[in-house]
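Remarks on the structure that follows.
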Amino acid sequence: MKLVYSCLIIGVLGFNQCHAVISGRSFFSPRSQSVDAVRDLIGWQDFINKDSCCGYQALAVTGMYTHLFHPEKTAGYFFGTNTLVFSGSAYPVRADDDILADYFGLPTDFHSRVVFEPQVRTTSLDCAWYYGLDDLLAGTYMRIHAPLVYTTWAMRTCECIQQPGSNPYPAGYMASTTLDRSELNSTVQEAFKGRKMVGDIEPLRYGIIDGAHTRVGLSDIQVAIGYNPVLDQGHHFGFNARVSIPTGNHAHSHYFFEPIVGNGGHWEIGVGLTGHAIFYENCQTDGRFGLYADANFTHLCAARQRRSFDIDGSGVFSRYMLLERMQDADPGLTLGTTQVPAEKQYQGRLLPAVNVTSLCADIAVAVQVDFAIKAACWYKNLSVDIGYNGWARTKEYITKRQQFPSSTFAIKGDAMVYGFDQVVGRFISINGTESQATIEAGQGAGNSNLENMNVDNPQPAFFNGNELFSSTAALDSVRGSEQAILLTNCDINDFSGLVPFSLTHRFFVHLSYDWDDRQTVTPFAGIGGSVEMDGSDKKTRSAFSQWAVWLKAGLAC
C-alpha cells in the first residue's frame, strides 16, 4: 500500500521520495485535525452533491474523540526504542549504547532505566457547511469546515534507578569548584524538567519533558469550491479547488513532544476529487447500496517553525549533549612546551546543545494525500457506512533555516574545562574540546585520570607560564586543545528535526438516521468509530496509531 501511495504522489507531482533513513527524530507532526476525508464523507451523502435545479445547503456538526495506542511505536520514532539507559562515565559496566548521565548533571556513578510512553488524547468539534450553487451554475458548490480542538500530549516517563550514585563532580569538571552529590540532579526526570542549574550547566530551555501539556484552538479552516460535471440521482463525479487557512499553532520546541493543533501553520493549496455510484435500489423497501469516494491532494507551503536539531555524527538524541561556550582566549593561556597561544577559551557556561540547536526554519511538504472510500447501505431512513481511509504525506524539507552561530560552541564530552594554577591558587578555564564525542560517551579511551588525554589535539596547558593541573593536589598536568575544534552551521543535522514520509491506514464504520419526512428541513444524526494504524516504514514510525469515536448531526434544506 505504501508503494501505491508513493507511486501516486510521484506520478502527480514528480516528487522523489528516496532519502536516507535517520533512526530517531526530535519532532512529531501528525496529520491535522482538519484533514479527515472520513468525517467529510460519512452520514450526509444524501444531502450534498445533489442533482438540484436551485440552491441547497447542509450543516453538520461532528464531535470526535481520538486516543493514541501503541505508544511504544511512537517512542521508537524518537529514539529507535521505548527504553533508554542512562549511566555515568564512572559506572563500572557501561553498555555502548548507554546515554552519558554526566550530560544531565547526574553523578558519574549513576545508573537508571527510563521507559517512554507517549500519550495523546484529542477532542474536537467540527462545524461543516456545504452550499450547492446550482442556481448560479448547475453542479457547482462550496464547502467550509473547521474543527475546534482540545488536545493533550504527554511524553510520560517511568524511571527505574538501579544506582542513584554518590560521586561528586571534582573541581574543574563541571565547575571551578567541587560539586557535592546534593548539588547534582537526583534523577533523569528531574534533569528533563529544566529547573535546576548544576555548576556551570544551564537548565534546559527547549526540549523539556515535564508532564502533560494541553493546546486549545481552531484547527485549519478548509475551503473548497467545486464542480460536478456528472451529476444525477444515481451517480456523480466532480472536482474542486481547495485551500486551507492555518489557524492552529506553530511549533516552538519548548517542550519535547509538544501538542499541535492544525498542521503547524502551513497554508495548503490543492485539488480534490469526489464521486459516487448507486449499484442497487429497491423502491418497495427503500433499500439502496452504493460506493462513495473522496480524494484530496494538497501542497503544504513553507511555514516558520522552531525545531530542535541533533549534532551531525554525534548520534540520535545528541541535542542533549553538553556544549562549551567559547570566547577569544586570554593571551596568558598557552599550550605545549612551545607555549603556542590558545585561540579560544572556555567562557564558564555549559549548555545542553538543544538550547542553541533549536532553530527557526521554513518547512514545507510537497504532497499530502487524503483518500476515503466507503460502501453505503440504506434501509428506509437508516444508513450504514463502512470504509477505508488512507492518508499519506511526503517528507518535510527546509527551504530556509536560521544559522547556527559558528565558532562559538564546542562539544565538551567528558573533558575537564578548568585547570588548577598552583602558583596563584585558583582554577583557570582552558580550551579542551571533544569534537568526536557522542551522546553515549566522550571520545577516545576515557578520562579516568582527569588529564584530558582524549581531547582534540591534546597539549599541556599553561597560564602565564604556569603549568595547569587537574586538581589542587597538583599531581597530573591537564591538557588543552591545540587548537580547539568548534562547531559550525554545517554540523547541524537538519534531518533530525524533520518528519519523514508518513502513511496511515484507517478503517471506519458509521450508523446514521435521517428524518426526511420533514417538508423543509431534514435533520440527521449518527454515530461511528474508526481504527487508524501507522503504515510508515518500521524504522521511522512517523504517524500515530489511534482509535476514534464520534457523533455527527446536522440539518439539510
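In the C-alpha cells, chains take letters A, B, ... by order of appearance, with residues numbered from 1 within each chain and ligands from 1 in the order shown.
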Each residue of region 15-127 of chain A with at least one atom at most 12 Å from region 294-309 of chain A should appear once, together with its nearest atom pair and the corresponding distance in Å (one decimal); atoms considered: only C-alpha atoms; ordering: chain, then increasing residue number; output as a Markdown table.
```
| residue | atom | partner | partner_atom | distance |
| --- | --- | --- | --- | --- |
| A:Phe15 | CA | A:His299 | CA | 11.4 |
| A:Gly24 | CA | A:Phe309 | CA | 11.0 |
| A:Arg25 | CA | A:Phe309 | CA | 8.5 |
| A:Ser26 | CA | A:Ser308 | CA | 6.3 |
| A:Phe27 | CA | A:Arg307 | CA | 7.1 |
| A:Phe28 | CA | A:Arg307 | CA | 10.2 |
| A:Ser29 | CA | A:Arg307 | CA | 11.2 |
| A:Arg31 | CA | A:Leu300 | CA | 11.7 |
| A:Ser32 | CA | A:Leu300 | CA | 11.4 |
| A:Val35 | CA | A:Asn296 | CA | 9.2 |
| A:Asp36 | CA | A:Asn296 | CA | 9.8 |
| A:Ala37 | CA | A:Asp294 | CA | 6.7 |
| A:Val38 | CA | A:Asp294 | CA | 8.6 |
| A:Arg39 | CA | A:Asp294 | CA | 10.9 |
| A:Asp40 | CA | A:Asp294 | CA | 8.7 |
| A:Leu41 | CA | A:Asp294 | CA | 7.3 |
| A:Ile42 | CA | A:Asp294 | CA | 10.7 |
| A:Gln45 | CA | A:Asp294 | CA | 11.5 |
| A:Asn49 | CA | A:Asp294 | CA | 12.0 |
```
Give me the region 112-133 of chain A side of the contact with region 84-90 of chain A, cut-off 6 Å, one line per residue showing its nearest atom pair and distance in Å at one decimal, counting only C-alpha atoms, sorted by chain and residue number, as a tab-separated table.
```
residue	atom	partner	partner_atom	distance
A:Ser112	CA	A:Phe86	CA	5.4
A:Arg113	CA	A:Val85	CA	4.5
A:Val114	CA	A:Leu84	CA	5.3
```
Mind giving me the straight-line distance from CA of Val499 (chain A) to CA of Met64 (chain A) in Å, one decimal?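 One can read the CA of Val499 (chain A) to CA of Met64 (chain A) distance as 25.6 Å.
From CA of Gly287 (chain A) back to CA of Cys377 (chain A), the distance works out to 7.4 Å.
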Given only C-alpha atoms as the counted atoms, nearest of A:Met326, A:Ala484, A:Val509, A:Val149 to Arg349 (chain A):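 Using only C-alpha atoms, Arg349 (chain A) sits closest to A:Met326.
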Residue contacts of Asp330 (chain A) (10 Å, only C-alpha atoms) excluding same-chain residues fewer than 4 positions away, as a PyMOL selection string: chain A and resi 334+341-345+429-430+463-464
Quick one: residues within 12 Å of Lys196 (chain A), only C-alpha atoms counted, chain neighbours fewer than 4 positions away excluded, as a ChimeraX atom specification? /A:104-106,182-187,189-192,200-205
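Residues of region 442-492 of chain A that DSSP places in strand (DSSP E), based on the backbone of this structure, are Pro458, Gln459, Pro460, Ala461, Phe462, Phe463, Asn466, Glu467, Leu468, Phe469, Arg479, Gly480, Ser481 and Ile492 of chain A.
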Name the closest residue to Ala525 (chain A) among the candidates A:His510, A:Trp547, A:Val417, A:Asp51; distances are taken between atoms, counting only C-alpha atoms.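 Using only C-alpha atoms, Ala525 (chain A) sits closest to A:His510.
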Can you pull out every residue within 12 Å of Leu137 (chain A), counting only C-alpha atoms, but drop anything in the same chain fewer than 2 positions away, and send it as a PDB file with N, CA, C and O atoms, in the first residue's frame?
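Dumped everything to out-v2.pdb:
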```pdb
ATOM      1  N   ASP A  51     -28.477  16.517  -7.325  1.00  0.00           N
ATOM      2  CA  ASP A  51     -28.963  16.969  -8.639  1.00  0.00           C
ATOM      3  C   ASP A  51     -30.167  17.881  -8.387  1.00  0.00           C
ATOM      4  O   ASP A  51     -31.295  17.405  -8.199  1.00  0.00           O
ATOM      5  N   SER A  52     -29.904  19.181  -8.361  1.00  0.00           N
ATOM      6  CA  SER A  52     -30.948  20.128  -7.978  1.00  0.00           C
ATOM      7  C   SER A  52     -30.987  21.275  -8.978  1.00  0.00           C
ATOM      8  O   SER A  52     -29.986  21.616  -9.607  1.00  0.00           O
ATOM      9  N   CYS A  53     -32.167  21.857  -9.101  1.00  0.00           N
ATOM     10  CA  CYS A  53     -32.324  22.998 -10.017  1.00  0.00           C
ATOM     11  C   CYS A  53     -32.165  24.335  -9.299  1.00  0.00           C
ATOM     12  O   CYS A  53     -32.223  25.389  -9.928  1.00  0.00           O
ATOM     13  N   CYS A  54     -31.988  24.295  -8.000  1.00  0.00           N
ATOM     14  CA  CYS A  54     -31.844  25.530  -7.239  1.00  0.00           C
ATOM     15  C   CYS A  54     -30.853  25.302  -6.095  1.00  0.00           C
ATOM     16  O   CYS A  54     -30.414  24.176  -5.841  1.00  0.00           O
ATOM     17  N   GLY A  55     -30.522  26.380  -5.418  1.00  0.00           N
ATOM     18  CA  GLY A  55     -29.562  26.282  -4.344  1.00  0.00           C
ATOM     19  C   GLY A  55     -30.061  25.454  -3.172  1.00  0.00           C
ATOM     20  O   GLY A  55     -31.268  25.394  -2.899  1.00  0.00           O
ATOM     21  N   GLY A 132     -24.847  24.200  -2.113  1.00  0.00           N
ATOM     22  CA  GLY A 132     -24.969  23.948  -3.539  1.00  0.00           C
ATOM     23  C   GLY A 132     -25.331  25.218  -4.291  1.00  0.00           C
ATOM     24  O   GLY A 132     -26.332  25.864  -3.978  1.00  0.00           O
ATOM     25  N   LEU A 133     -24.514  25.566  -5.283  1.00  0.00           N
ATOM     26  CA  LEU A 133     -24.692  26.823  -6.033  1.00  0.00           C
ATOM     27  C   LEU A 133     -25.390  26.579  -7.369  1.00  0.00           C
ATOM     28  O   LEU A 133     -25.106  27.258  -8.360  1.00  0.00           O
ATOM     29  N   ASP A 134     -26.344  25.649  -7.393  1.00  0.00           N
ATOM     30  CA  ASP A 134     -26.985  25.282  -8.658  1.00  0.00           C
ATOM     31  C   ASP A 134     -27.819  26.411  -9.249  1.00  0.00           C
ATOM     32  O   ASP A 134     -28.074  26.415 -10.465  1.00  0.00           O
ATOM     33  N   ASP A 135     -28.247  27.345  -8.436  1.00  0.00           N
ATOM     34  CA  ASP A 135     -28.986  28.469  -9.000  1.00  0.00           C
ATOM     35  C   ASP A 135     -28.073  29.404  -9.775  1.00  0.00           C
ATOM     36  O   ASP A 135     -28.552  30.225 -10.577  1.00  0.00           O
ATOM     37  N   GLY A 139     -24.410  22.103 -10.650  1.00  0.00           N
ATOM     38  CA  GLY A 139     -23.299  21.226 -10.276  1.00  0.00           C
ATOM     39  C   GLY A 139     -22.196  21.887  -9.480  1.00  0.00           C
ATOM     40  O   GLY A 139     -21.275  21.202  -9.032  1.00  0.00           O
ATOM     41  N   THR A 140     -22.250  23.197  -9.287  1.00  0.00           N
ATOM     42  CA  THR A 140     -21.201  23.871  -8.519  1.00  0.00           C
ATOM     43  C   THR A 140     -21.582  23.909  -7.034  1.00  0.00           C
ATOM     44  O   THR A 140     -22.749  23.871  -6.669  1.00  0.00           O
ATOM     45  N   TYR A 141     -20.563  24.025  -6.206  1.00  0.00           N
ATOM     46  CA  TYR A 141     -20.803  24.027  -4.762  1.00  0.00           C
ATOM     47  C   TYR A 141     -19.624  24.676  -4.042  1.00  0.00           C
ATOM     48  O   TYR A 141     -18.530  24.866  -4.611  1.00  0.00           O
ATOM     49  N   MET A 142     -19.845  24.955  -2.775  1.00  0.00           N
ATOM     50  CA  MET A 142     -18.797  25.445  -1.883  1.00  0.00           C
ATOM     51  C   MET A 142     -18.956  24.717  -0.551  1.00  0.00           C
ATOM     52  O   MET A 142     -20.071  24.503  -0.091  1.00  0.00           O
ATOM     53  N   GLY A 226     -16.124  23.676  -5.834  1.00  0.00           N
ATOM     54  CA  GLY A 226     -16.052  22.592  -6.798  1.00  0.00           C
ATOM     55  C   GLY A 226     -17.150  22.585  -7.825  1.00  0.00           C
ATOM     56  O   GLY A 226     -18.090  23.388  -7.797  1.00  0.00           O
ATOM     57  N   TYR A 227     -16.987  21.632  -8.750  1.00  0.00           N
ATOM     58  CA  TYR A 227     -17.943  21.489  -9.858  1.00  0.00           C
ATOM     59  C   TYR A 227     -18.097  20.000 -10.156  1.00  0.00           C
ATOM     60  O   TYR A 227     -17.109  19.257 -10.239  1.00  0.00           O
ATOM     61  N   ASN A 228     -19.359  19.583 -10.297  1.00  0.00           N
ATOM     62  CA  ASN A 228     -19.675  18.199 -10.652  1.00  0.00           C
ATOM     63  C   ASN A 228     -20.191  18.151 -12.087  1.00  0.00           C
ATOM     64  O   ASN A 228     -21.377  18.402 -12.340  1.00  0.00           O
ATOM     65  N   PRO A 229     -19.333  17.843 -13.044  1.00  0.00           N
ATOM     66  CA  PRO A 229     -19.814  17.761 -14.430  1.00  0.00           C
ATOM     67  C   PRO A 229     -20.740  16.580 -14.678  1.00  0.00           C
ATOM     68  O   PRO A 229     -21.542  16.609 -15.615  1.00  0.00           O
TER      69      PRO A 229
END
```
Using only C-alpha atoms, which residue out of A:Ile278, A:Val367, A:Ala441, A:Met416 lies closest to Tyr103 (chain A)? A:Ala441
Using only C-alpha atoms, which residues sit within 8 Å of region 379-390 of chain A once same-chain residues fewer than 2 positions away are excluded, as a PyMOL selection string? chain A and resi 37-38+42-43+285-288+369-377+392+503-516
List every residue of region 159-202 of chain A that DSSP, applied to the backbone of this structure, places in alpha helix (DSSP H), and write the result as a list in words.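 The alpha helix (DSSP H) subset of region 159-202 of chain A is Val188, Gln189, Glu190, Ala191, Phe192 and Lys193 of chain A.
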Of the listed residues A:Pro331, A:Gly480, A:Pro259, A:Pro500, that which approaches Ala543 (chain A) most closely, counting only C-alpha atoms: A:Pro500
Could you please determine the separation between CA of Asn282 (chain A) and CA of His235 (chain A) in Å, to one decimal place?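 Result for CA of Asn282 (chain A) versus CA of His235 (chain A): 16.0 Å, one decimal.
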Find the residues near Ala75 (chain A): any atom within 12 Å, counting only C-alpha atoms, skip ones fewer than 2 places away on the same chain, and give them as number ranges by chain. A: 23-28, 68-73, 77-84, 114-119, 154-157, 256-257, 539-545
So, with only C-alpha atoms as the atoms that count, which of A:Gly63, A:Glu451, A:Lys538, A:Ile48 lies closest to Tyr292 (chain A)?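 Of A:Gly63, A:Glu451, A:Lys538, A:Ile48, the one nearest Tyr292 (chain A), counting only C-alpha atoms, is A:Ile48.
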Could you check the closest approach to Gly234 (chain A) for each of A:Gly290, A:Pro246, A:Gly264, A:Gly315 and tell me which residue wins, using only C-alpha atoms?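 That would be A:Gly290, the residue with the smallest distance to Gly234 (chain A).
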